[in-house]
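Input: a single structure, listed below in structure tokens.
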Amino acid sequence: MIDIQNSVDEREIPLKKVGVRNVEYPVAVLDKKNKIQNTTATLDLFVNLPHHFKGTHMSRFIEVFHKYRKDISINHFTEMLEEIRNKLTAERAFGKITFPYFIEKEAPVSKSKGFIKYTCTYEAEVSDKEKKFYLEVKVPVTTLCPCSKAISDYGAHNQRGTVTVKVLYRDFFWLEDLIEAVEKSASSPLYSVLKRQDEKYVTEHAYDTPRFVEDVVREVYIVLKEFEGGGKFSWFSVEAENEESIHAHNAYAYTECNL
């Protein structure tokens, strides 16, 4: 059969990325407690296209990814992109998957159990000269306003926020440990199940640990530089956004670090 994709294109315009986007696919990822967690990912896969090729073979992206779907670990993800790059005779391959990751958490006093969802993203780029792998995780937290606490005769307003951490991978670490470190930098983690005694504990703990978004970003920054003795990341960014409970806007802060 005629292979139109491999025919010559006379316009001489190279394309930075061609491929497939928004593919929903079942995958398995590493889980510290249970070894493997099954989830559903949204997938983007691309390669660069030299100017002399008319198109790429879209089905090959899915064919290769299907082989790796049962173990989407950091190393296997870059191996998968390398195979795509070779099969499509490309200089570079790019991949991004976003998936919900669930961790079972105990309430602080009653020890009642429930699951919390964290949104995770793997993003990588490979060529014959380099490999880059980024991991991003969105961590929901509670923050209590230091200003409200300082100026009020009683009480202080708090809100739910999201801390987004993105790291450039250098050495292995557990996602659960990273999430726990981020949660400790806020006023309180979130829980899916809280009894009355738990609610009392969480409320008082948040009151004793007030945090602006600026505080959260700085605390996470310190944690990431020293994470597991340091040296786990080549670069990282931290952003915090609060859905303010008494303002008609969100509060936001961001920073990044090259190591």
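Chains: A, B, ... in order of the structure tokens. Residues: from 1 per chain. Ligands: from 1, in order shown.
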Could you list, with a cut-off of 10 Å and counting only C-alpha atoms, the residues of stretch 153-241 of chain A near stretch 139-148 of chain A, each shown with its nearest atom pair and the distance in Å rounded to one decimal, rows sorted by chain and ascending number, as JSON lines?
```
{"residue": "A:Asp153", "atom": "CA", "partner": "A:Ser148", "partner_atom": "CA", "distance": 9.5}
{"residue": "A:Tyr154", "atom": "CA", "partner": "A:Ser148", "partner_atom": "CA", "distance": 9.4}
{"residue": "A:Gly155", "atom": "CA", "partner": "A:Ser148", "partner_atom": "CA", "distance": 7.9}
{"residue": "A:Ala156", "atom": "CA", "partner": "A:Ser148", "partner_atom": "CA", "distance": 5.0}
{"residue": "A:His157", "atom": "CA", "partner": "A:Cys145", "partner_atom": "CA", "distance": 6.1}
{"residue": "A:Asn158", "atom": "CA", "partner": "A:Leu144", "partner_atom": "CA", "distance": 4.1}
{"residue": "A:Gln159", "atom": "CA", "partner": "A:Thr143", "partner_atom": "CA", "distance": 5.7}
{"residue": "A:Arg160", "atom": "CA", "partner": "A:Thr142", "partner_atom": "CA", "distance": 4.6}
{"residue": "A:Gly161", "atom": "CA", "partner": "A:Val141", "partner_atom": "CA", "distance": 5.2}
{"residue": "A:Thr162", "atom": "CA", "partner": "A:Pro140", "partner_atom": "CA", "distance": 4.5}
{"residue": "A:Val163", "atom": "CA", "partner": "A:Val139", "partner_atom": "CA", "distance": 5.1}
{"residue": "A:Thr164", "atom": "CA", "partner": "A:Val139", "partner_atom": "CA", "distance": 6.3}
{"residue": "A:Val165", "atom": "CA", "partner": "A:Val139", "partner_atom": "CA", "distance": 8.1}
{"residue": "A:Leu178", "atom": "CA", "partner": "A:Val139", "partner_atom": "CA", "distance": 9.8}
{"residue": "A:Ile179", "atom": "CA", "partner": "A:Val139", "partner_atom": "CA", "distance": 6.7}
{"residue": "A:Glu180", "atom": "CA", "partner": "A:Val139", "partner_atom": "CA", "distance": 9.2}
{"residue": "A:Val182", "atom": "CA", "partner": "A:Val139", "partner_atom": "CA", "distance": 7.3}
{"residue": "A:Glu183", "atom": "CA", "partner": "A:Val141", "partner_atom": "CA", "distance": 6.4}
{"residue": "A:Lys184", "atom": "CA", "partner": "A:Val141", "partner_atom": "CA", "distance": 9.2}
{"residue": "A:Ser185", "atom": "CA", "partner": "A:Val141", "partner_atom": "CA", "distance": 9.2}
{"residue": "A:Ala186", "atom": "CA", "partner": "A:Thr143", "partner_atom": "CA", "distance": 5.9}
{"residue": "A:Ser187", "atom": "CA", "partner": "A:Thr143", "partner_atom": "CA", "distance": 4.7}
{"residue": "A:Ser188", "atom": "CA", "partner": "A:Thr142", "partner_atom": "CA", "distance": 5.1}
{"residue": "A:Pro189", "atom": "CA", "partner": "A:Val141", "partner_atom": "CA", "distance": 4.9}
{"residue": "A:Leu190", "atom": "CA", "partner": "A:Val141", "partner_atom": "CA", "distance": 5.5}
{"residue": "A:Tyr191", "atom": "CA", "partner": "A:Val141", "partner_atom": "CA", "distance": 9.2}
{"residue": "A:Val202", "atom": "CA", "partner": "A:Thr142", "partner_atom": "CA", "distance": 9.5}
{"residue": "A:Thr203", "atom": "CA", "partner": "A:Leu144", "partner_atom": "CA", "distance": 9.4}
{"residue": "A:His205", "atom": "CA", "partner": "A:Leu144", "partner_atom": "CA", "distance": 9.8}
{"residue": "A:Ala206", "atom": "CA", "partner": "A:Leu144", "partner_atom": "CA", "distance": 6.1}
{"residue": "A:Tyr207", "atom": "CA", "partner": "A:Leu144", "partner_atom": "CA", "distance": 6.4}
{"residue": "A:Asp208", "atom": "CA", "partner": "A:Leu144", "partner_atom": "CA", "distance": 8.9}
{"residue": "A:Thr209", "atom": "CA", "partner": "A:Leu144", "partner_atom": "CA", "distance": 7.3}
{"residue": "A:Pro210", "atom": "CA", "partner": "A:Leu144", "partner_atom": "CA", "distance": 4.8}
{"residue": "A:Arg211", "atom": "CA", "partner": "A:Thr143", "partner_atom": "CA", "distance": 5.7}
{"residue": "A:Phe212", "atom": "CA", "partner": "A:Cys145", "partner_atom": "CA", "distance": 5.9}
{"residue": "A:Val213", "atom": "CA", "partner": "A:Thr143", "partner_atom": "CA", "distance": 8.0}
{"residue": "A:Asp215", "atom": "CA", "partner": "A:Pro146", "partner_atom": "CA", "distance": 9.8}
{"residue": "A:Val216", "atom": "CA", "partner": "A:Thr143", "partner_atom": "CA", "distance": 8.5}
{"residue": "A:Ala240", "atom": "CA", "partner": "A:Val139", "partner_atom": "CA", "distance": 9.4}
{"residue": "A:Glu241", "atom": "CA", "partner": "A:Pro140", "partner_atom": "CA", "distance": 9.7}
```
If you measure from atom CA of A:Glu136 to atom CA of A:Thr121, what distance in Å do you get, rounded to one decimal? 5.0 Å
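Between atom CA of A:Thr42 and atom CA of A:Tyr25 there is a distance of 6.5 Å.
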If DSSP is run on the backbone, what residues of stretch 36-152 of chain A are strand (DSSP E)? A reply as a ChimeraX atom specification would be ideal. /A:36-49,92-106,113-127,131-144
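We find atom CA of A:Trp174 and atom CA of A:Lys33 to be spaced 10.1 Å apart.
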Set the distance at 8 Å and use only C-alpha atoms: which residues neighbour A:Val18 once local chain neighbours fewer than 5 positions away are removed? I'd like the list as number ranges by chain. A: 46-49, 56
Expected file: the selected residues, N, CA, C and O atoms, as a PDB file, in the first residue's frame:
```
ATOM      1  N   PHE A  46       4.572  13.130  21.075  1.00  0.00           N
ATOM      2  CA  PHE A  46       4.994  13.852  19.880  1.00  0.00           C
ATOM      3  C   PHE A  46       6.414  13.466  19.483  1.00  0.00           C
ATOM      4  O   PHE A  46       7.200  13.004  20.320  1.00  0.00           O
ATOM      5  N   VAL A  47       6.732  13.698  18.221  1.00  0.00           N
ATOM      6  CA  VAL A  47       8.110  13.716  17.737  1.00  0.00           C
ATOM      7  C   VAL A  47       8.279  14.962  16.868  1.00  0.00           C
ATOM      8  O   VAL A  47       7.291  15.575  16.442  1.00  0.00           O
ATOM      9  N   ASN A  48       9.540  15.339  16.614  1.00  0.00           N
ATOM     10  CA  ASN A  48       9.760  16.389  15.622  1.00  0.00           C
ATOM     11  C   ASN A  48       9.682  15.768  14.231  1.00  0.00           C
ATOM     12  O   ASN A  48       9.887  14.560  14.061  1.00  0.00           O
ATOM     13  N   LEU A  49       9.374  16.577  13.228  1.00  0.00           N
ATOM     14  CA  LEU A  49       9.233  16.071  11.863  1.00  0.00           C
ATOM     15  C   LEU A  49      10.147  16.860  10.935  1.00  0.00           C
ATOM     16  O   LEU A  49       9.943  18.062  10.741  1.00  0.00           O
ATOM     17  N   THR A  56       3.766  11.940   9.881  1.00  0.00           N
ATOM     18  CA  THR A  56       4.242  10.858  10.742  1.00  0.00           C
ATOM     19  C   THR A  56       3.178   9.780  10.831  1.00  0.00           C
ATOM     20  O   THR A  56       2.050   9.957  10.354  1.00  0.00           O
TER      21      THR A  56
END
```
